[in-house]
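A.B. asks: File query_26.cif below, mmCIF, C-alpha atoms:
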data_protein
#
loop_
_atom_site.label_atom_id
_atom_site.label_comp_id
_atom_site.auth_asym_id
_atom_site.auth_seq_id
_atom_site.Cartn_x
_atom_site.Cartn_y
_atom_site.Cartn_z
CA ILE F 1 -4.90 -2.99 -11.69
CA ASP F 2 -7.81 -2.55 -9.32
CA PRO F 3 -7.13 0.46 -7.04
CA LEU F 4 -8.21 -1.70 -4.09
CA GLN F 5 -5.51 -4.26 -4.95
CA ALA F 6 -2.53 -1.94 -5.57
CA ASP F 7 -0.75 -3.30 -2.49
CA THR F 8 2.87 -3.16 -3.69
CA PRO F 9 4.97 -0.16 -4.79
CA VAL F 10 5.30 -1.30 -8.41
CA ASP F 11 1.57 -2.01 -8.74
CA ALA F 12 0.76 1.41 -7.27
CA ALA F 13 3.20 3.18 -9.61
CA VAL F 14 1.72 1.47 -12.69
CA LEU F 15 -1.79 2.31 -11.46
CA MET F 16 -0.84 5.99 -11.20
CA LEU F 17 -0.12 6.12 -14.93
CA ALA F 18 -3.86 5.97 -15.57
CA ARG F 19 -5.29 7.46 -12.36
CA THR F 20 -4.80 10.55 -10.20
CA PRO F 21 -4.46 10.68 -6.40
CA LEU F 22 -7.20 12.84 -4.96
CA CYS F 23 -4.72 14.78 -2.84
CA GLN F 24 -3.04 16.07 -6.02
CA VAL F 25 -6.18 17.57 -7.54
CA ALA F 26 -8.27 18.46 -4.49
CA GLN F 27 -7.54 21.67 -2.63
CA LEU F 28 -8.48 21.20 1.02
CA SER F 29 -9.70 24.09 3.10
CA ILE F 30 -11.16 24.28 6.57
CA LYS F 31 -14.74 25.51 6.56
CA GLU F 32 -15.45 24.97 10.25
CA MET F 33 -13.44 23.54 13.14
CA PRO F 34 -14.73 23.35 16.72
CA SER F 35 -12.99 25.18 19.51
CA ARG F 36 -12.50 23.59 22.92
CA SER F 37 -15.70 25.11 24.19
CA SER F 38 -17.68 24.56 21.00
CA THR F 39 -19.80 21.64 19.85
CA SER F 40 -19.64 22.64 16.18
CA LYS F 41 -18.57 20.14 13.56
CA SER F 42 -15.23 19.69 11.79
CA ILE F 43 -15.97 20.49 8.14
CA ILE F 44 -13.36 20.26 5.36
CA GLN F 45 -14.06 21.44 1.81
CA LEU F 46 -12.55 19.61 -1.16
CA HIS F 47 -12.33 21.93 -4.17
CA LEU F 48 -11.96 19.75 -7.26
CA GLY F 49 -11.58 22.08 -10.23
CA ASP F 50 -13.20 21.62 -13.62
CA ARG F 51 -12.11 18.12 -14.66
CA ILE F 52 -12.95 16.04 -11.60
CA SER F 53 -16.63 15.52 -10.84
CA PRO F 54 -17.74 15.57 -7.19
CA ASN F 55 -20.15 12.78 -8.10
CA ASP F 56 -17.24 10.63 -9.31
CA VAL F 57 -15.44 11.24 -6.01
CA GLU F 58 -18.59 10.31 -4.11
CA ALA F 59 -18.85 7.11 -6.18
CA THR F 60 -15.23 6.30 -5.27
CA PHE F 61 -16.02 6.82 -1.58
CA ASN F 62 -19.13 4.63 -1.79
CA ARG F 63 -17.30 1.83 -3.63
CA LEU F 64 -14.57 1.78 -1.01
CA ILE F 65 -16.96 1.76 1.95
CA ALA F 66 -19.04 -1.02 0.39
CA SER F 67 -15.98 -3.21 -0.25
CA ARG F 68 -14.35 -5.77 2.04
CA SER F 69 -11.00 -4.09 1.50
CA PRO F 70 -9.10 -2.96 4.61
CA TYR F 71 -8.64 0.33 2.80
CA ARG F 72 -12.18 1.30 3.71
CA ALA F 73 -10.54 2.34 6.99
CA LEU F 74 -9.05 5.25 5.02
CA LEU F 75 -12.46 6.85 5.52
CA SER F 76 -12.91 5.73 9.14
CA GLY F 77 -12.65 9.33 10.31
CA VAL F 78 -15.17 10.61 7.77
CA VAL F 79 -18.54 11.14 9.45
CA SER F 80 -20.46 12.30 6.38
CA TRP F 81 -20.10 14.28 3.18
CA ARG F 82 -22.23 16.46 0.96
CA VAL F 83 -21.80 17.08 -2.76
CA SER F 84 -21.95 20.70 -3.84
CA ASP F 85 -21.45 22.32 -7.23
CA ARG F 86 -17.68 21.91 -7.65
CA HIS F 87 -16.63 20.61 -4.28
CA LEU F 88 -17.38 18.18 -1.47
CA GLU F 89 -18.01 19.17 2.10
CA ILE F 90 -16.67 16.46 4.40
CA GLU F 91 -17.37 16.23 8.10
CA ILE F 92 -14.51 14.50 9.90
CA ASP F 93 -14.31 13.04 13.36
CA PRO F 94 -12.94 15.55 15.92
CA SER F 95 -9.98 13.21 16.53
CA TRP F 96 -8.91 13.61 12.90
CA THR F 97 -6.92 16.50 11.45
CA ILE F 98 -6.91 17.90 7.96
CA ASP F 99 -3.54 16.14 7.45
CA ASP F 100 -5.10 12.77 8.34
CA LEU F 101 -7.72 13.35 5.65
CA ASP F 102 -5.10 14.47 3.14
CA SER F 103 -2.99 11.35 3.77
CA SER F 104 -6.02 9.16 3.04
CA LEU F 105 -6.71 11.06 -0.17
CA CYS F 106 -3.14 10.31 -1.34
CA HIS F 107 -3.74 6.57 -1.15
CA PRO F 108 -4.09 4.57 -4.42
CA ALA F 109 -7.43 3.15 -3.24
CA LEU F 110 -8.89 6.67 -3.46
CA SER F 111 -7.36 7.57 -6.82
CA VAL F 112 -9.72 8.77 -9.53
CA LEU F 113 -10.03 9.05 -13.28
CA PRO F 114 -8.80 10.65 -15.47
CA GLY F 115 -5.09 10.06 -15.04
CA PRO F 116 -2.12 11.55 -16.91
CA PHE F 117 -2.09 8.72 -19.45
CA LEU F 118 -4.75 6.68 -21.22
CA ARG F 119 -4.27 2.92 -21.48
CA VAL F 120 -4.13 1.82 -25.11
CA ASP F 121 -3.38 -1.83 -24.37
CA GLN F 122 -1.84 -3.89 -21.59
CA GLN F 123 1.59 -2.31 -22.07
CA ARG F 124 1.11 1.09 -23.72
CA PHE F 125 -0.20 4.34 -22.25
CA GLU F 126 -0.58 7.57 -24.24
CA ALA F 127 -0.70 11.16 -22.99
CA ASN F 128 -4.12 12.34 -21.84
CA VAL F 129 -4.90 15.90 -22.90
CA GLU F 130 -7.81 15.93 -20.41
CA HIS F 131 -5.63 15.29 -17.37
CA PRO F 132 -6.73 17.66 -14.56
CA GLN F 133 -3.18 18.96 -14.11
CA GLY F 134 -2.51 19.35 -17.82
CA ARG F 135 -1.14 17.16 -20.58
CA PRO F 136 2.02 15.24 -19.65
CA PHE F 137 5.27 16.16 -21.40
CA LEU F 138 5.77 12.56 -22.53
CA ASP F 139 3.75 11.40 -25.51
CA ALA F 140 3.56 7.79 -24.34
CA VAL F 141 4.82 5.24 -21.84
CA GLN F 142 5.58 1.68 -22.95
CA LEU F 143 5.73 -0.96 -20.22
CA SER F 144 7.91 -4.06 -20.25
CA PHE F 145 7.57 -6.69 -17.52
CA LEU F 146 11.07 -8.08 -16.93
CA THR F 147 13.16 -9.95 -14.42
CA ALA F 148 15.55 -7.82 -12.35
CA ARG F 149 18.58 -9.09 -14.29
CA HIS F 150 16.97 -8.51 -17.68
CA ALA F 151 15.80 -5.02 -16.65
CA ASP F 152 19.30 -4.10 -15.46
CA ARG F 153 20.84 -5.30 -18.75
CA ARG F 154 18.34 -3.35 -20.85
CA PHE F 155 18.82 -0.23 -18.73
CA ARG F 156 22.62 -0.37 -19.10
CA ASN F 157 22.15 -0.81 -22.85
CA ARG F 158 19.80 2.22 -22.84
CA LYS F 159 16.85 0.18 -24.04
CA VAL F 160 14.67 1.41 -21.17
CA ASP F 161 14.60 4.80 -19.44
CA VAL F 162 12.93 4.11 -16.08
CA VAL F 163 12.93 0.89 -14.05
CA TYR F 164 10.38 0.32 -11.29
CA GLY F 165 11.30 -2.26 -8.67
CA ALA F 166 15.09 -1.87 -8.76
CA GLY F 167 17.47 0.89 -7.74
CA ASP F 168 17.25 3.66 -5.15
CA ARG F 169 14.64 3.58 -2.37
CA LYS F 170 16.33 6.04 -0.03
CA SER F 171 14.19 9.07 -0.88
CA ALA F 172 10.82 7.31 -0.53
CA PRO F 173 8.93 6.44 2.67
CA ARG F 174 8.57 2.74 3.48
CA LEU F 175 4.78 2.47 3.52
CA PHE F 176 4.21 -0.85 1.74
CA ALA F 177 4.18 -3.66 4.29
CA SER F 178 4.18 -7.46 4.13
CA VAL F 179 2.14 -8.70 7.09
CA LEU F 180 1.09 -12.00 8.64
CA VAL F 181 -2.53 -12.07 9.79
CA PHE F 182 -3.51 -14.92 12.10
CA GLY F 183 -6.76 -16.24 13.51
CA SER F 184 -8.02 -15.60 17.03
CA GLU F 185 -7.50 -19.22 18.19
CA LEU F 186 -3.74 -19.01 17.54
CA GLY F 187 -3.37 -16.13 19.97
CA GLN F 188 -0.31 -14.77 21.75
CA ARG F 189 1.65 -18.02 21.69
CA PHE F 190 1.62 -18.08 17.90
CA ARG F 191 2.67 -14.42 17.81
CA ASP F 192 5.56 -15.20 20.17
CA ALA F 193 6.62 -18.20 18.09
CA VAL F 194 6.68 -16.14 14.89
CA GLU F 195 8.61 -13.31 16.56
CA LYS F 196 11.03 -15.89 17.98
CA THR F 197 11.73 -17.49 14.61
CA VAL F 198 11.30 -14.85 11.92
CA ASP F 199 14.57 -13.28 10.84
CA ARG F 200 13.55 -9.95 9.32
CA GLN F 201 17.15 -8.99 8.58
CA PHE F 202 17.64 -12.16 6.52
CA LEU F 203 14.31 -11.76 4.71
CA ALA F 204 15.08 -8.13 3.93
CA ARG F 205 18.51 -8.93 2.49
CA PHE F 206 17.28 -11.95 0.53
CA LEU F 207 14.19 -10.25 -0.90
CA GLY F 208 15.66 -6.78 -1.42
CA ALA F 209 13.23 -5.16 1.02
CA ASP F 210 13.60 -3.56 4.47
CA THR F 211 12.83 -4.63 7.99
CA THR F 212 9.90 -2.93 9.66
CA ALA F 213 12.27 -0.54 11.46
CA PRO F 214 11.59 2.30 8.97
CA MET F 215 7.92 2.12 10.06
CA PHE F 216 8.82 2.85 13.66
CA GLY F 217 7.04 6.10 14.51
CA LEU F 218 4.25 5.36 12.05
CA LEU F 219 3.02 2.30 13.97
CA PRO F 220 2.85 1.54 17.70
CA ALA F 221 6.01 0.01 19.14
CA ASP F 222 4.47 -3.46 19.45
CA LEU F 223 3.52 -3.48 15.76
CA GLY F 224 6.25 -1.47 14.09
CA GLY F 225 10.02 -1.52 13.93
CA ALA F 226 10.78 -2.07 17.62
CA LEU F 227 10.34 -5.84 17.37
CA SER F 228 12.34 -6.13 14.18
CA GLU F 229 15.71 -5.37 15.74
CA MET F 230 15.44 -7.22 19.07
CA ASP F 231 13.89 -10.34 20.56
CA ARG F 232 11.20 -9.57 23.10
CA SER F 233 9.51 -12.95 22.92
CA PRO F 234 9.71 -15.23 25.94
CA ALA F 235 11.06 -18.77 25.76
CA ILE F 236 8.51 -21.07 24.12
CA SER F 237 8.13 -24.79 24.71
CA PRO F 238 6.69 -27.09 22.04
CA LEU F 239 2.98 -27.72 22.30
CA PRO F 240 2.11 -30.96 24.12
CA GLY F 241 0.42 -33.69 22.11
CA PRO F 242 -0.11 -33.66 18.33
CA ARG F 243 1.09 -30.71 16.29
CA GLN F 244 -1.43 -27.89 15.85
CA SER F 245 -2.39 -27.58 12.19
CA VAL F 246 -2.32 -24.09 10.69
CA THR F 247 -3.30 -23.36 7.09
CA LEU F 248 -1.19 -20.46 5.79
CA PHE F 249 -2.66 -18.72 2.75
CA PHE F 250 -0.40 -16.73 0.42
CA GLU F 251 -0.56 -15.29 -3.09
CA ALA F 252 0.58 -18.07 -5.40
CA GLY F 253 1.75 -15.68 -8.12
CA ARG F 254 4.35 -14.00 -5.91
CA SER F 255 7.58 -15.97 -5.52
CA ASP F 256 8.65 -13.77 -2.58
CA ASP F 257 5.49 -14.68 -0.70
CA ARG F 258 6.03 -18.38 -1.36
CA PHE F 259 9.57 -18.07 0.00
CA ILE F 260 8.36 -16.38 3.21
CA ALA F 261 5.57 -18.95 3.62
CA GLU F 262 7.92 -21.90 3.18
CA ARG F 263 10.38 -20.39 5.65
CA LEU F 264 7.64 -19.93 8.26
CA GLN F 265 6.53 -23.52 7.64
CA ILE F 266 10.00 -24.80 8.52
CA LYS F 267 10.72 -22.40 11.39
CA LEU F 268 7.42 -22.97 13.23
CA ARG F 269 7.64 -26.77 13.16
CA PRO F 270 9.86 -27.07 16.30
CA PHE F 271 7.26 -25.07 18.25
CA GLY F 272 4.53 -27.64 17.58
CA TYR F 273 2.86 -26.08 14.51
CA ARG F 274 2.15 -28.07 11.37
CA VAL F 275 1.86 -25.34 8.74
CA VAL F 276 -0.03 -26.30 5.58
CA LEU F 277 0.64 -23.94 2.68
CA ARG F 278 -2.13 -22.93 0.31
CA GLY F 279 -1.48 -20.61 -2.62
CA VAL F 280 -4.45 -18.58 -3.87
CA THR F 281 -5.06 -15.69 -6.28
CA ARG F 282 -4.70 -12.03 -5.35
CA LYS F 283 -8.46 -11.55 -5.50
CA GLU F 284 -8.92 -14.45 -3.10
CA ILE F 285 -6.34 -12.93 -0.76
CA ASN F 286 -8.28 -9.67 -0.65
CA ASP F 287 -11.67 -11.36 -0.22
CA LEU F 288 -10.57 -14.10 2.18
CA LYS F 289 -11.92 -14.26 5.71
CA ILE F 290 -9.67 -16.74 7.49
CA ASP F 291 -10.83 -19.28 10.06
CA PRO F 292 -9.75 -18.79 13.69
CA SER F 293 -6.94 -21.36 13.32
CA ASP F 294 -5.60 -20.12 9.96
CA ALA F 295 -3.05 -17.50 8.93
CA LEU F 296 -2.72 -15.24 5.90
CA LEU F 297 0.32 -13.58 4.33
CA ARG F 298 -0.61 -10.42 2.49
CA HIS F 299 0.53 -6.94 1.47
CA VAL F 300 -0.93 -3.64 2.54
CA ALA F 301 -0.18 -0.04 1.54
CA LEU F 302 -0.27 2.23 4.58
CA PRO F 303 -1.10 5.94 4.43
CA PRO F 304 1.52 8.31 5.91
CA SER F 305 -0.68 9.26 8.89
CA PRO F 306 -0.03 7.15 12.04
CA LYS F 307 -3.70 7.34 13.06
CA VAL F 308 -5.01 6.21 9.68
CA ALA F 309 -2.24 3.63 9.17
CA LEU F 310 -3.21 1.91 12.41
CA ALA F 311 -6.88 1.94 11.36
CA VAL F 312 -5.95 0.24 8.06
CA LEU F 313 -3.88 -2.38 9.89
CA ARG F 314 -6.75 -3.14 12.26
CA ALA F 315 -9.09 -3.55 9.32
CA THR F 316 -6.51 -5.83 7.66
CA ALA F 317 -6.40 -8.07 10.72
CA THR F 318 -10.00 -8.07 11.91
CA GLY F 319 -12.10 -6.97 8.99
CA GLU F 320 -13.40 -4.13 11.15
CA LYS F 321 -12.47 -0.45 10.88
CA GLU F 322 -12.45 0.08 14.61
CA THR F 323 -11.69 -2.27 17.47
CA LEU F 324 -10.18 -1.86 20.90
CA GLN F 325 -8.39 -5.20 20.72
CA PRO F 326 -4.77 -5.43 19.48
CA PRO F 327 -4.86 -6.71 15.90
CA ASN F 328 -3.83 -10.32 15.26
CA LEU F 329 -1.22 -9.16 12.81
CA ILE F 330 2.58 -9.16 12.59
CA PRO F 331 4.39 -6.79 10.19
CA LEU F 332 7.26 -8.70 8.62
CA LEU F 333 8.78 -6.37 6.03
CA ALA F 334 8.35 -2.81 4.82
CA THR F 335 9.48 -1.34 1.54
CA ALA F 336 9.25 1.63 -0.77
CA LEU F 337 9.30 1.92 -4.53
CA ALA F 338 12.79 1.35 -5.88
CA VAL F 339 13.38 3.44 -9.03
CA THR F 340 16.23 3.63 -11.52
CA VAL F 341 16.05 6.61 -13.87
CA ASP F 342 18.21 7.50 -16.87
CA ALA F 343 20.25 10.64 -16.20
CA LYS F 344 18.55 12.43 -19.09
CA VAL F 345 15.04 11.85 -17.72
CA LYS F 346 14.16 14.70 -15.38
CA GLN F 347 11.42 15.31 -12.83
CA VAL F 348 10.28 11.82 -11.94
CA GLU F 349 8.42 12.85 -8.78
CA ILE F 350 7.76 10.88 -5.59
CA ASP F 351 4.52 11.58 -3.71
CA ARG F 352 3.66 11.20 0.00
CA MET F 353 3.00 7.49 -0.48
CA GLY F 354 6.42 7.00 -2.05
CA ILE F 355 4.85 6.40 -5.49
CA ALA F 356 6.69 7.62 -8.59
CA HIS F 357 4.84 9.83 -11.09
CA LEU F 358 5.75 10.43 -14.72
CA GLU F 359 3.26 13.17 -15.64
CA ASN F 360 5.88 15.92 -15.25
CA ALA F 361 8.84 13.85 -16.48
CA TYR F 362 10.68 15.00 -19.60
CA TRP F 363 13.80 14.26 -21.62
CA GLU F 364 16.69 16.68 -21.23
CA ILE F 365 17.80 17.67 -24.71
CA ASP F 366 21.51 17.91 -25.50
CA ARG F 367 22.34 21.40 -26.74
CA PRO F 368 25.07 21.90 -29.35
#
Do you think you could lay out the structure here as structure tokens?
C.D. replies:
Amino acid sequence: IDPLQADTPVDAAVLMLARTPLCQVAQLSIKEMPSRSSTSKSIIQLHLGDRISPNDVEATFNRLIASRSPYRALLSGVVSWRVSDRHLEIEIDPSWTIDDLDSSLCHPALSVLPGPFLRVDQQRFEANVEHPQGRPFLDAVQLSFLTARHADRRFRNRKVDVVYGAGDRKSAPRLFASVLVFGSELGQRFRDAVEKTVDRQFLARFLGADTTAPMFGLLPADLGGALSEMDRSPAISPLPGPRQSVTLFFEAGRSDDRFIAERLQIKLRPFGYRVVLRGVTRKEINDLKIDPSDALLRHVALPPSPKVALAVLRATATGEKETLQPPNLIPLLATALAVTVDAKVKQVEIDRMGIAHLENAYWEIDRP
């Protein structure tokens, strides 16, 4: 999985088998922060230890900034950085805090090698003795890609020990969002029509996700959960004349996305929109720059900092890290990683992004 395409909780959790979030291995310290009367810079030091190279971190930063991924906004508050012997010195914008930087460093897009496990093949990972935080307790992790029903049956029969994508989500923050991005020509009327017709409660129940209400407080009220529980859209009359054609792009390999797209196609028809569905690959979704009259259904993983989360959403909608205009984007659903763990497997840990980690997991041994 490309770190820049780990947009769903399960993808992010699988990615973290072979990679390490920077926030787990970098110790942040304040070197210099300006006072109210000072014009000095805000400098944060990242101390990386012996097994993470500052040059590798710099390469990760450069790759992200050079990409078209909205996750380049994770570094929107980074003014500059300098590589030293075993650390990086990062100058951040005065509007950013050290916690904003730390939340960005926890994101999968800024994860680095080596991770706790080494990939042997598509489904097997073995313990990495060179992991910066030490060798995992588990010798290996074997993946199986199953339907929810098949996974539940195998778990009950004790054929698998941990299930990603089913089970409890209560302890994890809902930071993985499904969003609808729309072109500038569609404007406020299209936003109102979607808000008038989308039933987030139904989608959440049907797809096993959540409404965007858990994101309230992370996002502004007009983008987060406030609109998910009440109708603030005015009455909308059908467009005069022929129906306005809208091409809606979605990831063809995700059945949930196809369901949402088909539902929008039906629901928007009475408002004068002829929605043409077009399924594309995940890479195309991430590289696509939609026309002003098109729309795009995609997923985005938001960092736990409100300031940085909004920057990522703006970049998702406009392709720019910073803009004063409200983003042409509607959050539809939010979710966290659902995890089912065998009672004998201990210390499956959840990080700030809500991603499960197995590097400290171990089997509890029955004592006679």
A.B. asks: Counting all atoms listed in the file, which of F:Val10, F:Ala334, F:Leu219, F:Ile43 gets nearest to Gln201 in chain F?
C.D. replies: F:Ala334
A.B. asks: Select, from F:Leu74, F:Ile290, F:Ile98, F:Leu358, the residue with the minimum atom-to-atom distance to Glu126 in chain F, counting all atoms listed in the file.
C.D. replies: F:Leu358
A.B. asks: Just so the selection is clear, what residues does the PyMOL selection byres ((chain F and resi 180) around 9) cover here, as number ranges by chain?
C.D. replies: F: 178-179, 181-182, 295-299, 317, 328-332
A.B. asks: On this structure, which residues satisfy the PyMOL selection byres ((chain F and resi 152-169) around 8), written as number ranges by chain?
C.D. replies: F: 9-10, 13, 148-151, 170-172, 336-342, 345
A.B. asks: May I ask which of the residues F:Asn128, F:Leu264, F:Pro327, F:Arg86 is the closest one to Gly187 in chain F, counting only C-alpha atoms?
C.D. replies: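 Among the listed residues, F:Pro327 lies closest to Gly187 in chain F.
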A.B. asks: Nearest residue to Asp99 in chain F out of F:Leu143, F:Ala356, F:Ala6, F:Val308, using all atoms listed in the file?
C.D. replies: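 That would be F:Val308, the residue with the smallest distance to Asp99 in chain F.
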A.B. asks: Taking only C-alpha atoms into account, which of F:Leu105, F:Ala315, F:Val25, F:Val246 comes nearest Arg274 in chain F?
C.D. replies: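 Using only C-alpha atoms, Arg274 in chain F sits closest to F:Val246.
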A.B. asks: Around the point (-10.6, -14.2, -4.8), in the coordinates given by the file, pick out the residues reaching within 12 Å, counting all atoms listed in the file, and return them as a list in words.
C.D. replies: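 Those within range, by chain then number, are Gln5, Arg68, Ser69, Phe249, Phe250, Glu251, Ala252, Gly279, Val280, Thr281, Arg282, Lys283, Glu284, Ile285, Asn286, Asp287, Leu288 and Lys289 of chain F.
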A.B. asks: Could the centre and edge lengths of an axis-aligned box, enclosing all atoms of range 79-91 of chain F in the file with 3 Å extra on each side, be given in Å to one decimal as JSON?
C.D. replies:
{"center_x": -19.4, "center_y": 16.7, "center_z": 0.9, "size_x": 11.6, "size_y": 17.2, "size_z": 23.1}
A.B. asks: Give me the residues within 9 Å of Trp363 in chain F as a PyMOL selection string, counting only C-alpha atoms and dropping any in the same chain fewer than 4 places off.
C.D. replies: chain F and resi 137-138+344-346
A.B. asks: Output the selection as a PDB file, in the coordinates of the input - C-alpha atoms for each residue.
C.D. replies:
ATOM      1  CA  PHE F 137       5.270  16.160 -21.400  1.00  0.00           C
ATOM      2  CA  LEU F 138       5.770  12.560 -22.530  1.00  0.00           C
ATOM      3  CA  LYS F 344      18.550  12.430 -19.090  1.00  0.00           C
ATOM      4  CA  VAL F 345      15.040  11.850 -17.720  1.00  0.00           C
ATOM      5  CA  LYS F 346      14.160  14.700 -15.380  1.00  0.00           C
TER       6      LYS F 346
END
A.B. asks: Evaluating the PyMOL selection byres ((chain F and resi 109) around 12) on the displayed file yields which residues, as a PyMOL selection string?
C.D. replies: chain F and resi 1-7+11-12+15-16+19-23+57+60-65+67+69-75+103-108+110-113+300-303+312+353
A.B. asks: Just to confirm, what's the straight-line distance from CA of Glu130 in chain F to CA of Asp50 in chain F in Å (one decimal)?
C.D. replies: 10.4 Å
A.B. asks: Restricting the calculation to all atoms listed in the file, which member of F:Lys41, F:His87, F:Arg200, F:Arg174 is positioned closest to Arg263 in chain F?
C.D. replies: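 Closest residue, counting all atoms listed in the file: F:Arg200.
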A.B. asks: Work out how far apart CA of Arg135 in chain F and CA of His357 in chain F are and give it in Å to one decimal.
C.D. replies: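 Computed distance, CA of Arg135 in chain F to CA of His357 in chain F, equals 13.4 Å.
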A.B. asks: Could you please determine the separation between CA of Gln142 in chain F and CA of Arg124 in chain F in Å, to one decimal place?
C.D. replies: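 So the two atoms, CA of Gln142 in chain F and CA of Arg124 in chain F, lie 4.6 Å apart.
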A.B. asks: Find the residues near Leu186 in chain F: any atom within 10 Å, counting only C-alpha atoms, skip ones fewer than 2 places away on the same chain, and give them as a PyMOL selection string.
C.D. replies: chain F and resi 182-184+188-191+244+246+292-295+328
A.B. asks: Please provide as a PDB file with C-alpha atoms, keeping the file's coordinate frame all residues within 6 Å of Leu88 in chain F, with the sequence filter that same-chain residues fewer than 2 positions apart are discarded (counting all atoms listed in the file).
C.D. replies:
ATOM      1  CA  GLN F  45     -14.060  21.440   1.810  1.00  0.00           C
ATOM      2  CA  LEU F  46     -12.550  19.610  -1.160  1.00  0.00           C
ATOM      3  CA  ARG F  82     -22.230  16.460   0.960  1.00  0.00           C
ATOM      4  CA  VAL F  83     -21.800  17.080  -2.760  1.00  0.00           C
ATOM      5  CA  SER F  84     -21.950  20.700  -3.840  1.00  0.00           C
TER       6      SER F  84
END
